[in-house]
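**Student:** What follows is my_file-v4.txt, made up of compact mmCIF, C-alpha atoms:
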```txt
# COMPACT_ATOMS: atom_id res chain seq x y z
CA MET A 1 -25.85 -6.56 -18.93
CA GLN A 2 -22.64 -4.55 -18.98
CA LEU A 3 -20.28 -7.55 -19.17
CA LYS A 4 -22.37 -9.97 -21.20
CA ASP A 5 -20.14 -12.67 -22.74
CA LYS A 6 -16.95 -11.01 -21.45
CA THR A 7 -14.34 -13.12 -19.67
CA VAL A 8 -12.86 -11.45 -16.60
CA ILE A 9 -10.12 -12.46 -14.16
CA ILE A 10 -10.56 -11.19 -10.58
CA THR A 11 -7.79 -11.67 -8.02
CA GLY A 12 -8.22 -11.13 -4.33
CA ALA A 13 -11.66 -12.59 -4.96
CA SER A 14 -12.07 -14.55 -1.74
CA SER A 15 -13.36 -11.59 0.30
CA GLY A 16 -13.91 -7.84 0.43
CA ILE A 17 -13.88 -5.79 -2.75
CA GLY A 18 -12.87 -8.78 -4.89
CA ALA A 19 -15.77 -10.94 -3.72
CA ALA A 20 -18.23 -8.06 -4.13
CA ALA A 21 -16.94 -7.47 -7.65
CA ALA A 22 -17.25 -11.16 -8.52
CA LEU A 23 -20.89 -11.26 -7.49
CA MET A 24 -21.65 -7.99 -9.29
CA PHE A 25 -19.76 -8.89 -12.47
CA ALA A 26 -21.53 -12.26 -12.61
CA LYS A 27 -24.93 -10.54 -12.49
CA GLU A 28 -23.75 -8.36 -15.37
CA GLY A 29 -23.08 -11.44 -17.52
CA ALA A 30 -19.35 -11.95 -17.07
CA LYS A 31 -17.62 -15.32 -17.28
CA LEU A 32 -15.30 -15.27 -14.30
CA VAL A 33 -11.93 -16.72 -13.40
CA LEU A 34 -11.52 -16.18 -9.66
CA GLY A 35 -8.14 -16.08 -7.96
CA ALA A 36 -6.93 -15.79 -4.35
CA ARG A 37 -4.93 -17.76 -1.79
CA ARG A 38 -7.88 -19.28 0.06
CA GLU A 39 -9.33 -22.25 -1.81
CA LYS A 40 -12.29 -22.84 0.51
CA GLU A 41 -13.57 -19.28 0.20
CA LEU A 42 -13.12 -19.31 -3.57
CA SER A 43 -15.02 -22.58 -3.86
CA THR A 44 -17.89 -21.16 -1.80
CA LEU A 45 -18.02 -18.01 -3.92
CA MET A 46 -17.92 -19.99 -7.16
CA GLY A 47 -20.79 -22.13 -5.95
CA GLN A 48 -22.82 -19.09 -5.01
CA ILE A 49 -22.31 -17.55 -8.44
CA ASN A 50 -23.02 -20.73 -10.41
CA GLN A 51 -26.12 -21.54 -8.35
CA SER A 52 -27.44 -18.09 -9.32
CA ASN A 53 -27.06 -18.87 -13.04
CA GLY A 54 -23.65 -17.23 -13.25
CA ASN A 55 -20.53 -18.73 -14.75
CA ALA A 56 -17.36 -18.92 -12.66
CA ILE A 57 -14.29 -21.09 -12.16
CA PHE A 58 -11.43 -20.60 -9.74
CA LEU A 59 -7.78 -21.32 -9.11
CA ALA A 60 -6.17 -20.79 -5.71
CA GLY A 61 -2.61 -19.51 -5.59
CA ASP A 62 -0.19 -16.68 -4.90
CA VAL A 63 -0.36 -13.65 -7.19
CA GLY A 64 3.31 -13.04 -6.45
CA ASP A 65 4.10 -16.19 -8.44
CA GLU A 66 4.48 -15.61 -12.18
CA THR A 67 3.39 -19.13 -13.06
CA TYR A 68 0.14 -18.61 -11.17
CA ASN A 69 -0.67 -15.47 -13.15
CA LYS A 70 -0.01 -17.36 -16.36
CA ALA A 71 -2.20 -20.24 -15.20
CA LEU A 72 -5.16 -17.91 -14.58
CA ILE A 73 -4.96 -16.71 -18.18
CA GLU A 74 -4.65 -20.23 -19.51
CA MET A 75 -7.83 -21.12 -17.60
CA ALA A 76 -9.63 -18.13 -19.11
CA GLU A 77 -8.59 -18.99 -22.64
CA ASN A 78 -9.04 -22.75 -22.36
CA THR A 79 -12.43 -22.55 -20.62
CA PHE A 80 -14.00 -19.41 -22.05
CA GLY A 81 -12.02 -18.75 -25.23
CA GLY A 82 -10.21 -15.54 -24.36
CA LEU A 83 -9.66 -12.69 -21.90
CA ASP A 84 -11.53 -9.38 -22.00
CA ALA A 85 -10.74 -7.77 -18.63
CA ALA A 86 -8.74 -8.31 -15.48
CA PHE A 87 -9.38 -6.80 -12.06
CA ASN A 88 -6.02 -7.23 -10.35
CA ASN A 89 -7.24 -6.58 -6.84
CA ALA A 90 -5.19 -8.77 -4.48
CA GLY A 91 -3.18 -6.84 -1.92
CA THR A 92 -1.71 -6.70 1.56
CA ILE A 93 -0.79 -4.04 4.12
CA GLY A 94 2.09 -5.93 5.70
CA ASN A 95 3.51 -5.06 9.09
CA PRO A 96 2.80 -1.34 9.66
CA VAL A 97 6.01 -0.02 11.21
CA PRO A 98 8.15 3.07 10.50
CA VAL A 99 10.65 2.66 7.68
CA PRO A 100 13.77 2.57 9.93
CA ASP A 101 12.20 -0.29 11.89
CA MET A 102 10.92 -2.22 8.88
CA ALA A 103 12.43 -5.60 8.14
CA SER A 104 13.58 -6.13 4.58
CA GLU A 105 11.41 -9.26 4.48
CA ASN A 106 8.32 -7.16 5.18
CA TRP A 107 9.18 -4.66 2.45
CA ASP A 108 9.83 -7.45 -0.05
CA ALA A 109 6.60 -9.28 0.81
CA VAL A 110 4.41 -6.19 0.42
CA LEU A 111 6.04 -5.15 -2.85
CA LYS A 112 5.76 -8.71 -4.17
CA THR A 113 2.05 -9.02 -3.41
CA ASN A 114 0.99 -5.50 -4.38
CA LEU A 115 3.33 -4.47 -7.21
CA THR A 116 5.41 -7.33 -8.57
CA SER A 117 2.20 -9.32 -8.92
CA ALA A 118 0.83 -6.55 -11.16
CA PHE A 119 3.90 -6.80 -13.38
CA TYR A 120 3.41 -10.56 -13.71
CA ALA A 121 -0.30 -10.06 -14.37
CA ALA A 122 0.23 -7.46 -17.08
CA LYS A 123 3.09 -9.41 -18.65
CA HIS A 124 0.70 -12.23 -19.47
CA GLN A 125 -2.64 -10.42 -19.66
CA VAL A 126 -1.53 -8.04 -22.40
CA PRO A 127 -0.67 -10.80 -24.92
CA ALA A 128 -3.94 -12.59 -24.11
CA MET A 129 -5.94 -9.42 -24.67
CA LYS A 130 -4.08 -8.73 -27.92
CA ARG A 131 -5.08 -12.21 -29.09
CA ASN A 132 -8.65 -11.30 -28.17
CA GLY A 133 -8.71 -7.91 -29.90
CA GLY A 134 -8.36 -5.69 -26.82
CA GLY A 135 -9.35 -5.47 -23.20
CA SER A 136 -9.28 -3.64 -19.89
CA ILE A 137 -6.65 -4.02 -17.15
CA ILE A 138 -7.50 -2.67 -13.70
CA PHE A 139 -5.24 -2.44 -10.66
CA THR A 140 -6.48 -1.69 -7.15
CA SER A 141 -4.27 1.09 -5.85
CA SER A 142 -5.09 3.35 -2.86
CA PHE A 143 -5.40 6.94 -1.76
CA VAL A 144 -2.52 6.06 0.60
CA GLY A 145 0.61 7.19 -1.17
CA TYR A 146 -1.33 9.33 -3.63
CA THR A 147 -3.39 11.94 -1.77
CA ALA A 148 -2.55 11.01 1.83
CA ALA A 149 -0.12 9.02 3.92
CA PHE A 150 -0.05 7.40 7.35
CA PRO A 151 2.89 6.46 9.58
CA GLY A 152 3.98 2.86 9.19
CA MET A 153 2.63 2.55 5.65
CA GLY A 154 5.87 3.04 3.71
CA ALA A 155 5.87 -0.29 1.88
CA TYR A 156 2.13 -0.18 1.22
CA ALA A 157 2.23 3.42 -0.07
CA ALA A 158 5.23 2.74 -2.30
CA SER A 159 3.66 -0.36 -3.81
CA LYS A 160 0.28 1.24 -4.41
CA SER A 161 1.83 4.35 -5.96
CA GLY A 162 3.84 2.11 -8.25
CA LEU A 163 0.66 0.65 -9.67
CA ILE A 164 -0.38 4.05 -10.97
CA GLY A 165 2.85 4.47 -12.90
CA LEU A 166 2.65 0.94 -14.25
CA ALA A 167 -0.89 1.47 -15.51
CA GLN A 168 0.08 4.72 -17.21
CA VAL A 169 2.94 3.05 -19.07
CA LEU A 170 0.74 0.12 -20.09
CA ALA A 171 -1.86 2.58 -21.37
CA THR A 172 0.69 4.27 -23.64
CA GLU A 173 2.33 1.02 -24.75
CA HIS A 174 -0.87 -0.79 -25.69
CA GLY A 175 -3.56 1.78 -26.42
CA ALA A 176 -3.17 1.11 -30.13
CA ASP A 177 -3.89 -2.56 -29.39
CA GLY A 178 -7.27 -1.66 -27.92
CA ILE A 179 -6.05 -2.35 -24.39
CA ARG A 180 -6.91 0.11 -21.62
CA ALA A 181 -5.13 0.20 -18.25
CA ASN A 182 -6.36 2.06 -15.18
CA THR A 183 -5.95 2.15 -11.43
CA LEU A 184 -8.78 2.26 -8.93
CA LEU A 185 -8.12 4.23 -5.73
CA PRO A 186 -10.65 3.29 -3.03
CA GLY A 187 -11.07 5.20 0.18
CA GLY A 188 -11.54 3.40 3.48
CA THR A 189 -13.67 0.33 2.85
CA LYS A 190 -15.41 -2.00 5.28
CA THR A 191 -13.39 -5.14 4.63
CA ALA A 192 -11.34 -7.52 6.76
CA MET A 193 -8.24 -5.46 5.94
CA ALA A 194 -9.77 -2.55 7.89
CA GLY A 195 -9.97 -4.69 11.03
CA ASP A 196 -12.87 -5.49 13.34
CA LEU A 197 -14.59 -2.12 13.35
CA ASP A 198 -17.49 -3.31 15.50
CA ALA A 199 -15.02 -4.10 18.27
CA ASN A 200 -13.11 -0.84 17.78
CA PRO A 201 -15.62 2.04 17.66
CA ASP A 202 -12.92 4.69 18.14
CA GLN A 203 -11.02 3.36 15.15
CA LYS A 204 -14.20 3.33 13.08
CA ALA A 205 -14.98 6.90 14.11
CA PHE A 206 -11.51 7.99 12.96
CA TYR A 207 -11.87 6.22 9.63
CA ASP A 208 -15.29 7.79 9.13
CA SER A 209 -13.99 11.25 10.02
CA ILE A 210 -11.30 11.40 7.33
CA HIS A 211 -13.90 11.11 4.56
CA ALA A 212 -16.02 14.04 3.39
CA LEU A 213 -19.02 11.68 3.40
CA LYS A 214 -18.20 10.85 7.05
CA ARG A 215 -18.41 7.14 6.45
CA MET A 216 -16.46 4.28 4.94
CA ALA A 217 -17.43 2.56 1.71
CA ASP A 218 -19.24 -0.71 1.39
CA PRO A 219 -17.28 -3.12 -0.85
CA GLU A 220 -20.10 -3.01 -3.39
CA GLU A 221 -19.56 0.73 -3.89
CA ILE A 222 -15.96 0.14 -4.95
CA ALA A 223 -17.03 -2.83 -7.09
CA LYS A 224 -19.34 -0.51 -9.05
CA ALA A 225 -16.35 1.62 -10.02
CA ALA A 226 -14.42 -1.50 -11.07
CA LEU A 227 -17.43 -2.54 -13.15
CA PHE A 228 -17.32 0.79 -14.97
CA LEU A 229 -13.63 0.36 -15.79
CA ALA A 230 -14.11 -3.25 -16.92
CA SER A 231 -17.08 -2.45 -19.16
CA ASP A 232 -17.36 -0.66 -22.47
CA ASN A 233 -18.88 2.31 -20.61
CA SER A 234 -15.28 3.39 -19.95
CA SER A 235 -14.14 2.88 -23.55
CA PHE A 236 -12.31 6.24 -23.64
CA VAL A 237 -10.78 5.96 -20.16
CA THR A 238 -7.17 4.80 -19.92
CA GLY A 239 -4.11 5.70 -17.88
CA SER A 240 -6.31 7.15 -15.17
CA ALA A 241 -6.07 7.05 -11.39
CA MET A 242 -9.77 6.82 -10.58
CA ILE A 243 -10.40 8.12 -7.06
CA VAL A 244 -13.37 6.50 -5.33
CA ASP A 245 -12.63 7.73 -1.83
CA GLY A 246 -15.75 9.36 -0.41
CA GLY A 247 -14.04 12.72 -0.52
CA ASN A 248 -11.08 11.55 1.54
CA SER A 249 -8.61 13.38 -0.70
CA ILE A 250 -10.32 16.78 -0.29
CA ASN A 251 -11.43 16.50 3.32
CA LYS A 252 -9.47 18.62 5.79
CA VAL A 253 -11.89 18.82 8.73
```
For the structure just supplied, provide its representation as structure tokens.
**Tutor:**
Amino acid sequence: MQLKDKTVIITGASSGIGAAAALMFAKEGAKLVLGARREKELSTLMGQINQSNGNAIFLAGDVGDETYNKALIEMAENTFGGLDAAFNNAGTIGNPVPVPDMASENWDAVLKTNLTSAFYAAKHQVPAMKRNGGGSIIFTSSFVGYTAAFPGMGAYAASKSGLIGLAQVLATEHGADGIRANTLLPGGTKTAMAGDLDANPDQKAFYDSIHALKRMADPEEIAKAALFLASDNSSFVTGSAMIVDGGNSINKV
């Protein structure tokens, strides 16, 4: 069990990659603190994990709120005795419009959810991991803004690119403390964020076509990469931008 007796925070856990990671991490022995906005979905996921002999608790809230990030860590330490890893996965696309047409409120909201939240997370996760003797911090970035770009994705691309720089700085600041920091860059993944692909076959065909594997990822495939970064199997991996994109970044036809 790759995460036996390790305490892990997962945000964005109510659906998609976060939910898939929660189920997978629980099977690998992790003690989980689940975070997201939607309380009902978190409660259902927690019940599913605990009924399968896993160990999970949850707290609903907004990752863009510093006090919420601090509360997640307090839950981890008070309930499970420490913090070993954090999969900071919550994110949003926002309103996809060209930069000249983008409202400042949209820019601020996307940056708050995708990037400022990571600052708040790291600000409080690092001291907790130092108290625990080390740990692994993971941010979900994207190939968008790193190896490719799409019109209307200015705020999303900027925020996701920022995560890579933040992780690199954290890696250099806290490597001597036994803390690793990495970003995970998924390709197109079959989640609610991708839209209703069954109702939009042309959109699905386009998404499939931009990957060398000619398909999108299942959330579980991205969760496996997060599991690697959270576990001791990646003990010499830090400051990396780990591309898990089905060949999106090298596909030109």
**Student:** Set the distance at 6 Å and use only C-alpha atoms: which residues neighbour A:Val33 once local chain neighbours fewer than 6 positions away are removed? I'd like the list as a count of residues only.
**Tutor:** 4
**Student:** As an exercise, work out the distance from atom CA of A:Ile17 to atom CA of A:Thr147 in Å and give it to one decimal place.
**Tutor:** 20.6 Å
**Student:** In Å, rounded to a single decimal, give me how far atom CA of A:Lys27 is from atom CA of A:Asn53.
**Tutor:** 8.6 Å
**Student:** Which residue is closest to A:Gly187? Choose from A:Ile10, A:Val253, A:Ala121, A:Val244 and count all atoms listed in the file.
**Tutor:**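 Looking only at the distances to A:Gly187, the closest residue turns out to be A:Val244.
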**Student:** I'd like to know which of A:Gly165, A:Gly178, A:Gly91, A:Pro219 is closest to A:Ala22, using all atoms listed in the file.
**Tutor:** A:Pro219
**Student:** When you count only C-alpha atoms, which of these residues is closest to A:Asn89: A:Ala26, A:Leu166, A:Ile222, A:Ala76?
**Tutor:** A:Ile222
